[in-house]
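Source file: coords.txt. Holds: compact mmCIF, C-alpha atoms.
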```
# COMPACT_ATOMS: atom_id res chain seq x y z
CA MET O 1337 20.26 5.96 -53.65
CA LYS O 1338 20.85 5.95 -49.90
CA LYS O 1339 18.69 2.82 -49.56
CA ARG O 1340 20.87 1.05 -52.12
CA ILE O 1341 24.03 2.07 -50.27
CA TYR O 1342 22.56 0.85 -46.98
CA LEU O 1343 21.54 -2.45 -48.63
CA HIS O 1344 25.04 -3.07 -49.99
CA PHE O 1345 26.54 -2.12 -46.66
CA GLY O 1346 24.19 -4.48 -44.86
CA ILE O 1347 25.02 -7.38 -47.15
CA ALA O 1348 28.75 -6.71 -46.83
CA PHE O 1349 28.36 -6.65 -43.06
CA LEU O 1350 26.16 -9.74 -42.77
CA LEU O 1351 28.04 -12.10 -45.09
CA PRO O 1352 31.15 -12.37 -42.90
CA LEU O 1353 28.93 -12.87 -39.87
CA LEU O 1354 27.03 -15.67 -41.61
CA PHE O 1355 30.31 -17.28 -42.62
CA ILE O 1356 31.68 -17.08 -39.08
CA PHE O 1357 28.39 -18.41 -37.67
CA SER O 1358 28.34 -21.34 -40.11
CA GLN O 1359 31.94 -22.18 -39.22
CA CYS O 1360 31.03 -22.19 -35.54
CA LEU O 1361 28.14 -24.52 -36.21
CA TYR O 1362 30.35 -26.86 -38.19
CA LYS O 1363 33.06 -26.73 -35.57
CA ASP O 1364 30.59 -27.55 -32.78
CA LYS O 1365 29.15 -30.48 -34.69
CA PRO O 1366 30.17 -33.57 -32.69
CA ALA O 1367 32.71 -35.71 -34.50
CA ASP O 1368 32.39 -39.48 -34.53
CA PRO O 1369 34.70 -40.75 -31.76
CA ARG O 1370 36.01 -43.46 -34.11
CA GLY O 1371 37.62 -40.90 -36.39
CA SER O 1372 36.91 -38.62 -39.33
CA ASN O 1373 36.47 -41.55 -41.74
CA TYR O 1374 33.25 -42.51 -39.91
CA ALA O 1375 30.00 -40.74 -40.74
CA GLY O 1376 27.60 -42.20 -38.16
CA SER O 1377 24.49 -44.25 -38.88
CA ALA O 1378 22.24 -41.20 -39.06
CA SER O 1379 23.98 -40.25 -42.31
CA CYS O 1380 22.54 -43.40 -43.92
CA ILE O 1381 18.91 -42.32 -43.51
CA LYS O 1382 18.74 -39.99 -46.50
CA CYS O 1383 19.43 -42.73 -49.07
CA HIS O 1384 18.58 -45.89 -47.12
CA ARG O 1385 15.57 -44.90 -45.01
CA ASP O 1386 13.66 -48.19 -45.32
CA VAL O 1387 16.72 -50.28 -44.47
CA TYR O 1388 17.57 -48.00 -41.57
CA GLU O 1389 14.05 -48.01 -40.10
CA ASN O 1390 13.79 -51.80 -40.39
CA TYR O 1391 17.15 -52.17 -38.69
CA LEU O 1392 15.90 -50.20 -35.67
CA HIS O 1393 13.81 -53.27 -34.79
CA ASP O 1394 16.67 -55.75 -35.11
CA PRO O 1395 18.31 -57.30 -32.00
CA HIS O 1396 21.71 -56.13 -33.27
CA TYR O 1397 20.56 -52.53 -33.02
CA LYS O 1398 19.06 -53.17 -29.58
CA THR O 1399 22.10 -54.95 -28.17
CA SER O 1400 23.03 -51.82 -26.16
CA ARG O 1401 21.22 -48.61 -25.30
CA LEU O 1402 20.85 -46.03 -22.56
CA ALA O 1403 18.63 -47.17 -19.70
CA SER O 1404 15.22 -45.57 -19.29
CA SER O 1405 11.64 -46.56 -18.53
CA ASN O 1406 11.25 -47.29 -22.25
CA THR O 1407 14.31 -49.54 -22.59
CA VAL O 1408 14.17 -51.49 -19.30
CA HIS O 1409 11.32 -53.97 -19.60
CA GLY O 1410 11.15 -55.60 -16.17
CA SER O 1411 8.36 -54.57 -13.80
CA PHE O 1412 8.96 -51.97 -11.07
CA ASN O 1413 5.54 -52.60 -9.51
CA PRO O 1414 5.40 -53.79 -5.87
CA GLY O 1415 5.41 -57.56 -5.68
CA LEU O 1416 7.06 -57.92 -9.09
CA ASN O 1417 10.18 -55.84 -8.51
CA THR O 1418 12.00 -57.90 -5.88
CA VAL O 1419 14.63 -60.63 -5.91
CA ALA O 1420 14.96 -62.24 -2.48
CA PHE O 1421 18.28 -63.94 -1.68
CA ASN O 1422 17.08 -65.08 1.73
CA ASP O 1423 14.76 -63.88 4.48
CA SER O 1424 16.95 -60.88 5.28
CA VAL O 1425 18.60 -59.97 1.93
CA LYS O 1426 16.76 -58.67 -1.13
CA VAL O 1427 17.30 -56.43 -4.15
CA MET O 1428 14.46 -54.18 -5.23
CA MET O 1429 14.04 -52.43 -8.58
CA GLU O 1430 12.97 -48.87 -7.81
CA LYS O 1431 12.02 -45.69 -9.65
CA HIS O 1432 13.06 -42.32 -8.27
CA HIS O 1433 11.91 -39.40 -10.39
CA ASN O 1434 13.19 -40.21 -13.90
CA ASP O 1435 15.91 -42.66 -12.84
CA LEU O 1436 15.83 -46.40 -12.23
CA TYR O 1437 17.81 -48.15 -9.49
CA GLN O 1438 18.72 -51.54 -8.08
CA ALA O 1439 18.65 -51.21 -4.29
CA LEU O 1440 20.07 -53.72 -1.81
CA TYR O 1441 18.24 -54.14 1.49
CA ILE O 1442 19.65 -56.13 4.41
CA ASN O 1443 17.15 -56.61 7.24
CA SER O 1444 14.98 -53.96 5.59
CA VAL O 1445 17.79 -51.38 5.74
CA LEU O 1446 18.95 -49.79 2.48
CA THR O 1447 22.63 -50.78 2.14
CA LYS O 1448 23.53 -49.93 -1.45
CA LYS O 1449 21.80 -48.39 -4.43
CA GLU O 1450 23.07 -48.00 -7.99
CA ARG O 1451 21.40 -46.57 -11.07
CA PHE O 1452 20.54 -48.34 -14.33
CA ASP O 1453 22.77 -46.53 -16.85
CA ILE O 1454 23.21 -48.90 -19.83
CA VAL O 1455 21.21 -51.90 -21.08
CA PHE O 1456 22.89 -54.88 -22.76
CA GLY O 1457 20.73 -57.43 -24.63
CA SER O 1458 17.19 -57.41 -25.96
CA ASN O 1459 15.33 -60.50 -27.15
CA ARG O 1460 16.14 -63.03 -24.38
CA GLY O 1461 17.42 -61.02 -21.47
CA GLU O 1462 18.57 -57.59 -20.35
CA THR O 1463 21.69 -57.03 -18.26
CA TYR O 1464 22.42 -53.60 -16.83
CA LEU O 1465 25.53 -51.52 -16.17
CA TYR O 1466 26.21 -48.52 -13.95
CA TRP O 1467 28.88 -45.86 -14.10
CA LYS O 1468 31.14 -45.12 -11.14
CA ASP O 1469 33.18 -42.15 -12.32
CA LYS O 1470 35.28 -43.57 -15.22
CA GLU O 1471 34.54 -47.21 -14.37
CA LEU O 1472 31.65 -49.42 -15.39
CA TYR O 1473 30.17 -52.24 -13.32
CA GLU O 1474 27.43 -54.80 -13.89
CA LEU O 1475 24.31 -54.66 -11.77
CA PRO O 1476 23.56 -57.94 -9.96
CA ILE O 1477 20.02 -58.41 -11.27
CA THR O 1478 19.05 -59.22 -14.87
CA TYR O 1479 15.61 -59.29 -16.44
CA PHE O 1480 14.96 -62.50 -18.42
CA LEU O 1481 12.32 -61.80 -21.03
CA SER O 1482 11.74 -65.49 -21.77
CA ILE O 1483 10.42 -66.12 -18.25
CA HIS O 1484 9.27 -62.53 -17.47
CA GLN O 1485 11.32 -62.59 -14.29
CA TRP O 1486 14.03 -60.65 -12.50
CA ALA O 1487 16.87 -62.98 -11.44
CA ASN O 1488 20.59 -63.08 -10.70
CA SER O 1489 22.72 -61.82 -13.54
CA PRO O 1490 24.42 -64.70 -15.41
CA GLY O 1491 27.29 -66.27 -13.51
CA TYR O 1492 26.45 -64.56 -10.22
CA ASN O 1493 26.38 -66.56 -7.01
CA GLY O 1494 22.89 -66.90 -5.62
CA ASN O 1495 24.08 -66.62 -2.03
CA PHE O 1496 25.11 -62.97 -1.95
CA VAL O 1497 24.67 -59.69 -3.82
CA ASP O 1498 27.63 -58.44 -5.85
CA PHE O 1499 27.82 -54.91 -7.31
CA ASN O 1500 31.54 -55.15 -8.10
CA ARG O 1501 31.82 -57.04 -11.41
CA VAL O 1502 33.92 -54.90 -13.74
CA MET O 1503 32.70 -54.30 -17.28
CA GLY O 1504 35.55 -53.43 -19.65
CA ARG O 1505 36.01 -52.51 -23.27
CA HIS O 1506 35.93 -56.15 -24.36
CA CYS O 1507 32.28 -56.40 -23.27
CA PHE O 1508 31.47 -53.44 -25.51
CA GLU O 1509 33.21 -54.99 -28.52
CA CYS O 1510 30.21 -57.28 -29.04
CA HIS O 1511 27.51 -55.08 -27.52
CA SER O 1512 28.28 -51.74 -29.12
CA SER O 1513 30.13 -50.12 -31.99
CA TYR O 1514 32.80 -48.31 -29.98
CA ILE O 1515 34.12 -47.16 -26.65
CA GLN O 1516 37.57 -45.79 -25.89
CA ASP O 1517 39.56 -46.95 -22.89
CA ILE O 1518 41.55 -44.44 -20.84
CA PRO O 1519 45.09 -45.53 -19.95
CA HIS O 1520 45.81 -45.29 -16.22
CA THR O 1521 48.26 -46.64 -13.70
CA ALA O 1522 46.61 -49.40 -11.68
CA SER O 1523 47.81 -51.34 -8.69
CA PHE O 1524 48.61 -55.05 -8.95
CA MET O 1525 45.27 -56.03 -7.44
CA ASP O 1526 43.26 -53.48 -9.44
CA ASN O 1527 41.40 -55.03 -12.39
CA THR O 1528 39.31 -51.98 -13.24
CA GLU O 1529 39.31 -50.25 -16.61
CA TRP O 1530 38.75 -46.57 -17.19
CA LEU O 1531 36.40 -45.86 -20.08
CA ASP O 1532 35.45 -42.63 -21.81
CA LYS O 1533 31.66 -42.42 -21.64
CA ASN O 1534 31.67 -39.59 -24.19
CA SER O 1535 33.21 -41.94 -26.75
CA MET O 1536 30.40 -44.53 -26.61
CA VAL O 1537 28.70 -45.52 -29.85
CA LEU O 1538 25.93 -47.77 -28.63
CA SER O 1539 24.21 -50.48 -30.71
CA ILE O 1540 25.82 -52.44 -33.52
CA ASP O 1541 25.53 -49.72 -36.12
CA CYS O 1542 25.71 -49.67 -39.93
CA GLU O 1543 29.43 -48.97 -40.05
CA ARG O 1544 30.23 -51.88 -37.77
CA CYS O 1545 29.25 -54.24 -40.60
CA HIS O 1546 29.87 -52.06 -43.66
CA GLY O 1547 32.99 -50.20 -42.58
CA PRO O 1548 33.73 -46.46 -42.32
CA ALA O 1549 31.28 -44.52 -44.51
CA SER O 1550 32.46 -40.90 -44.58
CA GLU O 1551 33.90 -41.10 -48.11
CA HIS O 1552 30.84 -43.05 -49.26
CA VAL O 1553 28.46 -40.41 -47.91
CA ASN O 1554 30.47 -37.50 -49.33
CA TYR O 1555 30.74 -39.09 -52.77
CA HIS O 1556 27.06 -39.98 -53.14
CA THR O 1557 25.94 -36.63 -51.73
CA GLN O 1558 27.90 -34.99 -54.54
CA ASN O 1559 26.95 -37.64 -57.12
CA PRO O 1560 23.33 -38.60 -56.31
CA ASP O 1561 22.74 -40.18 -59.73
CA ASP O 1562 25.52 -42.75 -59.31
CA LYS O 1563 23.80 -45.80 -57.81
CA ASN O 1564 26.94 -47.93 -57.73
CA PRO O 1565 27.97 -48.10 -54.04
CA MET O 1566 31.35 -46.39 -53.81
CA TYR O 1567 33.80 -46.34 -50.90
CA ILE O 1568 31.79 -48.82 -48.82
CA SER O 1569 31.91 -52.56 -48.17
CA THR O 1570 28.76 -54.29 -49.33
CA ILE O 1571 28.26 -57.80 -47.99
CA GLY O 1572 27.85 -59.10 -51.53
CA SER O 1573 31.30 -57.83 -52.47
CA LEU O 1574 32.97 -60.01 -49.82
CA SER O 1575 34.00 -63.63 -50.13
CA ARG O 1576 32.08 -66.27 -48.18
CA ALA O 1577 34.86 -66.54 -45.59
CA GLN O 1578 34.95 -62.75 -45.22
CA ARG O 1579 31.18 -62.62 -44.74
CA ILE O 1580 31.37 -65.27 -42.03
CA ASP O 1581 34.15 -63.32 -40.31
CA VAL O 1582 32.00 -60.18 -40.18
CA CYS O 1583 29.46 -62.10 -38.10
CA ALA O 1584 32.08 -64.11 -36.21
CA GLN O 1585 33.50 -60.95 -34.65
CA CYS O 1586 30.86 -61.52 -31.98
CA HIS O 1587 29.40 -64.93 -32.79
CA SER O 1588 32.48 -67.10 -32.33
CA GLY O 1589 32.54 -67.20 -28.53
CA ASN O 1590 34.99 -65.92 -25.95
CA LYS O 1591 37.47 -68.79 -25.79
CA SER O 1592 39.96 -67.18 -28.18
CA VAL O 1593 42.54 -64.69 -26.92
CA LEU O 1594 42.31 -61.26 -28.52
CA THR O 1595 45.58 -60.00 -29.96
CA ARG O 1596 44.08 -56.57 -30.63
CA SER O 1597 40.74 -54.86 -30.27
CA ILE O 1598 37.89 -56.10 -32.45
CA PHE O 1599 36.90 -52.45 -32.86
CA GLY O 1600 39.73 -52.34 -35.40
CA PHE O 1601 38.13 -55.04 -37.56
CA LYS O 1602 36.82 -53.89 -40.95
CA PRO O 1603 34.74 -55.90 -43.46
CA GLY O 1604 37.19 -57.83 -45.61
CA ASP O 1605 39.66 -58.33 -42.75
CA THR O 1606 40.60 -61.82 -41.57
CA LEU O 1607 39.43 -62.49 -38.03
CA ALA O 1608 42.40 -64.79 -37.38
CA ASN O 1609 44.53 -61.62 -37.36
CA PHE O 1610 42.61 -60.47 -34.28
CA LYS O 1611 42.09 -63.72 -32.36
CA GLU O 1612 44.34 -66.62 -31.46
CA GLY O 1613 42.97 -70.13 -32.00
CA GLU O 1614 40.20 -69.02 -34.29
CA TYR O 1615 37.61 -71.61 -35.34
CA PHE O 1616 38.81 -71.95 -38.95
CA HIS O 1617 42.28 -72.89 -37.75
CA LYS O 1618 41.76 -74.99 -34.64
CA LYS O 1619 39.80 -78.21 -34.27
CA THR O 1620 37.59 -78.22 -31.20
CA ASP O 1621 35.56 -80.88 -29.46
CA LEU O 1622 32.07 -80.04 -30.72
CA ALA O 1623 30.46 -81.43 -27.59
CA SER O 1624 32.31 -78.80 -25.53
CA ILE O 1625 31.05 -75.82 -27.56
CA ASP O 1626 28.31 -73.93 -25.74
CA VAL O 1627 25.22 -72.92 -27.71
CA HIS O 1628 25.49 -69.32 -26.49
CA GLY O 1629 27.66 -67.03 -28.62
CA ASN O 1630 29.35 -69.76 -30.69
CA GLN O 1631 27.07 -69.73 -33.73
CA ALA O 1632 29.84 -69.30 -36.31
CA GLU O 1633 31.94 -72.20 -35.06
CA LEU O 1634 28.93 -74.49 -34.81
CA LEU O 1635 27.66 -73.53 -38.26
CA THR O 1636 31.03 -74.04 -39.93
CA SER O 1637 31.21 -77.56 -38.46
CA SER O 1638 27.94 -78.48 -40.23
CA GLN O 1639 27.86 -80.54 -43.39
CA CYS O 1640 25.46 -77.96 -44.85
CA PHE O 1641 28.32 -75.47 -44.60
CA ILE O 1642 31.17 -77.83 -45.51
CA LYS O 1643 29.49 -79.42 -48.53
CA GLY O 1644 26.86 -76.82 -49.30
CA LYS O 1645 26.72 -73.06 -49.72
CA ILE O 1646 24.91 -72.17 -46.52
CA GLU O 1647 26.18 -69.25 -44.42
CA CYS O 1648 24.80 -66.77 -41.88
CA GLY O 1649 23.04 -64.67 -44.50
CA THR O 1650 21.21 -67.70 -45.89
CA CYS O 1651 18.76 -67.52 -43.01
CA HIS O 1652 19.35 -64.11 -41.44
CA ASN O 1653 18.67 -60.69 -42.95
CA ILE O 1654 19.25 -57.97 -40.36
CA HIS O 1655 17.87 -55.35 -42.77
CA ASN O 1656 14.45 -56.99 -42.58
CA ASP O 1657 12.28 -56.42 -39.49
CA LYS O 1658 9.95 -59.31 -40.37
CA VAL O 1659 9.75 -61.89 -37.57
CA GLU O 1660 11.11 -65.21 -38.85
CA THR O 1661 9.19 -68.36 -37.89
CA ILE O 1662 10.17 -72.02 -37.77
CA SER O 1663 8.28 -72.68 -40.98
CA MET O 1664 10.01 -69.76 -42.74
CA TYR O 1665 13.44 -71.01 -41.70
CA SER O 1666 12.47 -74.49 -42.85
CA LEU O 1667 11.91 -73.16 -46.37
CA HIS O 1668 15.66 -72.62 -46.61
CA CYS O 1669 16.16 -76.31 -45.84
CA THR O 1670 13.65 -77.59 -48.37
CA SER O 1671 15.08 -75.33 -51.08
CA CYS O 1672 18.11 -77.65 -51.10
CA HIS O 1673 16.77 -80.91 -49.70
CA SER O 1674 14.12 -82.56 -51.84
CA GLU O 1675 13.01 -85.98 -53.04
CA ALA O 1676 14.02 -85.00 -56.57
CA LYS O 1677 17.61 -84.48 -55.41
CA HIS O 1678 17.52 -87.71 -53.37
CA ASN O 1679 18.69 -85.89 -50.24
CA PHE O 1680 15.35 -85.49 -48.49
CA CYS O 1681 14.62 -86.40 -44.88
CA LYS O 1682 14.44 -90.18 -44.40
CA MET O 1683 11.64 -89.72 -41.89
CA ALA O 1684 9.39 -87.88 -44.34
CA SER O 1685 6.83 -90.66 -44.57
CA GLN O 1686 6.55 -90.83 -40.77
CA LEU O 1687 6.39 -87.09 -40.23
CA GLY O 1688 3.73 -86.36 -42.83
CA PRO O 1689 2.91 -82.72 -43.65
CA ALA O 1690 5.01 -81.52 -40.72
CA ILE O 1691 8.12 -82.29 -42.78
CA ASN O 1692 7.58 -79.10 -44.79
CA SER O 1693 7.08 -76.77 -41.83
CA ASN O 1694 9.56 -77.82 -39.16
CA CYS O 1695 13.02 -79.03 -40.12
CA ILE O 1696 14.57 -76.80 -37.47
CA ASP O 1697 13.53 -78.46 -34.20
CA CYS O 1698 15.01 -81.77 -35.37
CA HIS O 1699 18.21 -80.52 -36.97
CA MET O 1700 18.89 -77.32 -34.99
CA PRO O 1701 17.28 -78.02 -31.61
CA VAL O 1702 17.13 -75.65 -28.67
CA LYS O 1703 19.77 -76.58 -26.10
CA THR O 1704 20.67 -75.48 -22.58
CA SER O 1705 23.56 -73.06 -22.20
CA ASN O 1706 26.18 -73.89 -19.58
CA VAL O 1707 27.51 -70.33 -19.73
CA ILE O 1708 24.32 -68.37 -19.07
CA VAL O 1709 23.06 -69.81 -15.79
CA ILE O 1710 20.10 -68.51 -13.79
CA ASN O 1711 20.84 -69.12 -10.12
CA GLU O 1712 18.13 -67.31 -8.23
CA LYS O 1713 16.87 -68.74 -4.97
CA GLY O 1714 13.54 -66.94 -5.13
CA LEU O 1715 12.37 -68.97 -8.13
CA PRO O 1716 10.60 -72.32 -7.64
CA THR O 1717 13.15 -73.80 -10.02
CA ASN O 1718 16.19 -72.41 -11.80
CA PRO O 1719 15.03 -72.46 -15.44
CA PRO O 1720 17.84 -73.09 -17.92
CA PHE O 1721 18.83 -70.45 -20.45
CA MET O 1722 18.03 -71.95 -23.84
CA ALA O 1723 19.50 -71.13 -27.25
CA ARG O 1724 19.19 -72.76 -30.65
CA ILE O 1725 22.25 -74.76 -31.65
CA HIS O 1726 23.75 -73.72 -34.99
CA ARG O 1727 25.40 -77.01 -35.81
CA ILE O 1728 23.01 -78.46 -38.38
CA ALA O 1729 23.04 -82.23 -37.87
CA ILE O 1730 20.97 -85.29 -37.06
CA TYR O 1731 19.93 -85.42 -33.41
CA PRO O 1732 18.15 -88.78 -32.83
CA SER O 1733 16.85 -87.74 -29.41
CA GLU O 1734 15.17 -84.68 -30.91
CA SER O 1735 13.61 -86.77 -33.70
CA LYS O 1736 12.10 -89.03 -31.06
CA LYS O 1737 10.60 -86.02 -29.28
CA ILE O 1738 9.00 -84.82 -32.51
CA MET O 1739 7.59 -88.25 -33.27
CA ALA O 1740 6.15 -88.58 -29.77
CA TRP O 1741 4.57 -85.15 -30.06
CA LEU O 1742 3.01 -85.96 -33.43
CA LYS O 1743 1.46 -89.15 -32.02
CA THR O 1744 -0.30 -87.15 -29.33
CA SER O 1745 -1.18 -84.27 -31.68
CA PRO O 1746 -2.66 -85.79 -34.84
CA VAL O 1747 -4.28 -82.48 -35.80
CA SER O 1748 -0.84 -80.83 -35.96
CA ALA O 1749 0.41 -83.56 -38.24
CA LYS O 1750 -2.44 -82.95 -40.67
CA ASN O 1751 -1.72 -79.23 -40.69
```
Encoded form (structure tokens):
Amino acid sequence: MKKRIYLHFGIAFLLPLLFIFSQCLYKDKPADPRGSNYAGSASCIKCHRDVYENYLHDPHYKTSRLASSNTVHGSFNPGLNTVAFNDSVKVMMEKHHNDLYQALYINSVLTKKERFDIVFGSNRGETYLYWKDKELYELPITYFLSIHQWANSPGYNGNFVDFNRVMGRHCFECHSSYIQDIPHTASFMDNTEWLDKNSMVLSIDCERCHGPASEHVNYHTQNPDDKNPMYISTIGSLSRAQRIDVCAQCHSGNKSVLTRSIFGFKPGDTLANFKEGEYFHKKTDLASIDVHGNQAELLTSSQCFIKGKIECGTCHNIHNDKVETISMYSLHCTSCHSEAKHNFCKMASQLGPAINSNCIDCHMPVKTSNVIVINEKGLPTNPPFMARIHRIAIYPSESKKIMAWLKTSPVSAKN
């Protein structure tokens, strides 16, 4: 009898404690800095594990991350870790314990040293940022993966080392999912921005493209048998213009003036409400559009977009971690262009079998960017930063290059 009394007493005593403890755990659970209507990408794993794991390999996911030995890919080995500006000035990439640094030496004397804190970029190059209290600055040296070389960060003068380029919220709007600025009184000459590092949501996450997911997660957690996606924006539910605008948040260049933060954009919104002079509403000289960052404007000027049904998602699937090749992209072209439809390439007879495996180099050639410029005196030459143009068109000079290559490579033409 006493045991039963003790048992009931114990349960009565423990239940309130468990309740209080659970409330403390819930209270301490970090909230998404974007607001209670956001759930965070980790909440997607339970129902969308394959999609989530594939996305971890996508450049959009890797567009920003914390710096570490695993995320900074340039060499820190002696002989490969130095950018020399002249005989007396050099920047060395150094490891000290678990941290990475860019260190400026003038006449072999350490003059300045700042830590790698954040990495921007992944597949072509990596640019690095460092915190100075509430302010963020860009480090002067970038690692270009395409040439496996440290060099001046884009736009930097090759004659001196600059640690003072401010990185503000606008930079994060295309390289992350969120960061909050901190209002402060600045002097007339002060162009710095204060940012809340605790509010950072790095990477372009699920909710950046699909919208806030808290209601979606709550509903489907309570109704697991309902497979109809509720309270979420699926790309298929959007119009073609709306789908383009989702991508154009970041892929329509920097020439437009922002009227409000792109972080406020949700799938289904109209981008023209966020930017002045947007590409759908302003005619631009196509020759003046740089290949870097202007994919949406270039694509929408293509006849394949104007007269056809092509859009970003025709060729790109960011949920798929499969590496796309030239021949795979070309399949999208030949699915519309064929001899039966009388819209096939007029050079088919000259190109031979190559016509079925490489439409891209002729009609979407790789061009030099005038925005991303490598200006590093230590290199034998300053290699151009190349990007594939997204205006699908006829480029006679590129056709000539392909024909010349085929003449010298008959085996390739047969294959």
*Contacts of Glu1509 in chain O at 8 Å or less, counting only C-alpha atoms, minus same-chain residues fewer than 5 places along, as JSON, numbers by chain?*
{"O": [1514, 1586, 1597, 1598, 1599]}
Box time for range 1594-1598 of chain O: axis-aligned, enclosing all its listed atoms, 8 Å extra on each side; report centre and edge lengths in Å to one decimal, as AutoDock Vina command-line options.
```
--center_x 41.7 --center_y -58.1 --center_z -30.5 --size_x 23.7 --size_y 22.4 --size_z 19.9
```
_From the options O:Ser1458, O:Asp1697, O:Met1429, O:Ala1487, which residue's atoms come nearest to Lys1736 in chain O, counting all atoms listed in the file?_
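Among O:Ser1458, O:Asp1697, O:Met1429, O:Ala1487, it is O:Asp1697 that comes nearest to Lys1736 in chain O.
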*Looking at O:Val1408, O:Val1445, O:Leu1416, O:Ile1654, which one is nearest to Cys1542 in chain O, with distances taken over only C-alpha atoms?*
O:Ile1654
*For Asp1453 in chain O, which residue out of O:Ile1540, O:Ser1405, O:His1520, O:His1506 is the nearest one, using all atoms listed in the file?*
O:Ser1405
*asked:* Nearest residue to Asn1527 in chain O out of O:Glu1471, O:Asp1435, O:Glu1543, O:Glu1551, using all atoms listed in the file?
replied: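 Distance minimum relative to Asn1527 in chain O lands on O:Glu1471.
Using all atoms listed in the file, the smallest distance between any of O:Gly1491, O:Asp1532, O:Val1537, O:His1396 and His1587 in chain O comes from O:His1396.
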*Sphere at (13.7, -47.6, -16.4), radius 9 Å, counting only C-alpha atoms: residues as a ChimeraX atom specification*: /O:1403-1410,1412,1430-1431,1434-1437,1452
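Atom pair CA of Asn1373 in chain O / CA of Ala1549 in chain O: separated by 6.6 Å.
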*Got a sec: who's within 10 Å of Arg1460 in chain O, counting all atoms listed in the file, leaving out chain neighbours fewer than 4 positions off, as a ChimeraX atom specification?*
/O:1395,1479-1484,1721-1723
With C-alpha atoms retained, write the just-selected residues as an mmCIF file, in the frame of the given file.
```
data_model
loop_
_atom_site.group_PDB
_atom_site.id
_atom_site.type_symbol
_atom_site.label_atom_id
_atom_site.label_comp_id
_atom_site.auth_asym_id
_atom_site.auth_seq_id
_atom_site.Cartn_x
_atom_site.Cartn_y
_atom_site.Cartn_z
ATOM 1 C CA PRO O 1395 18.310 -57.300 -32.000
ATOM 2 C CA TYR O 1479 15.610 -59.290 -16.440
ATOM 3 C CA PHE O 1480 14.960 -62.500 -18.420
ATOM 4 C CA LEU O 1481 12.320 -61.800 -21.030
ATOM 5 C CA SER O 1482 11.740 -65.490 -21.770
ATOM 6 C CA ILE O 1483 10.420 -66.120 -18.250
ATOM 7 C CA HIS O 1484 9.270 -62.530 -17.470
ATOM 8 C CA PHE O 1721 18.830 -70.450 -20.450
ATOM 9 C CA MET O 1722 18.030 -71.950 -23.840
ATOM 10 C CA ALA O 1723 19.500 -71.130 -27.250
#
```
Given all atoms listed in the file, how would the per-residue table for range 1489-1577 of chain O near range 1640-1647 of chain O read, listing every residue at most 12 Å away with its closest atom pair and distance in Å to one decimal, sorted by chain and number, as a tab-separated table?
```
residue	atom	partner	partner_atom	distance
O:Ser1575	CA	O:Glu1647	CA	11.2
O:Arg1576	CA	O:Glu1647	CA	7.6
O:Ala1577	CA	O:Glu1647	CA	9.2
```
_Length of the CA of Thr1661 in chain O to CA of Ile1696 in chain O vector [Å]_ =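 Between CA of Thr1661 in chain O and CA of Ile1696 in chain O the gap is 10.0 Å.
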*Have a look at O:Val1502, O:Ile1725, O:Val1659, O:Ala1740 and name the one nearest to Gln1686 in chain O; count only C-alpha atoms.*
O:Ala1740
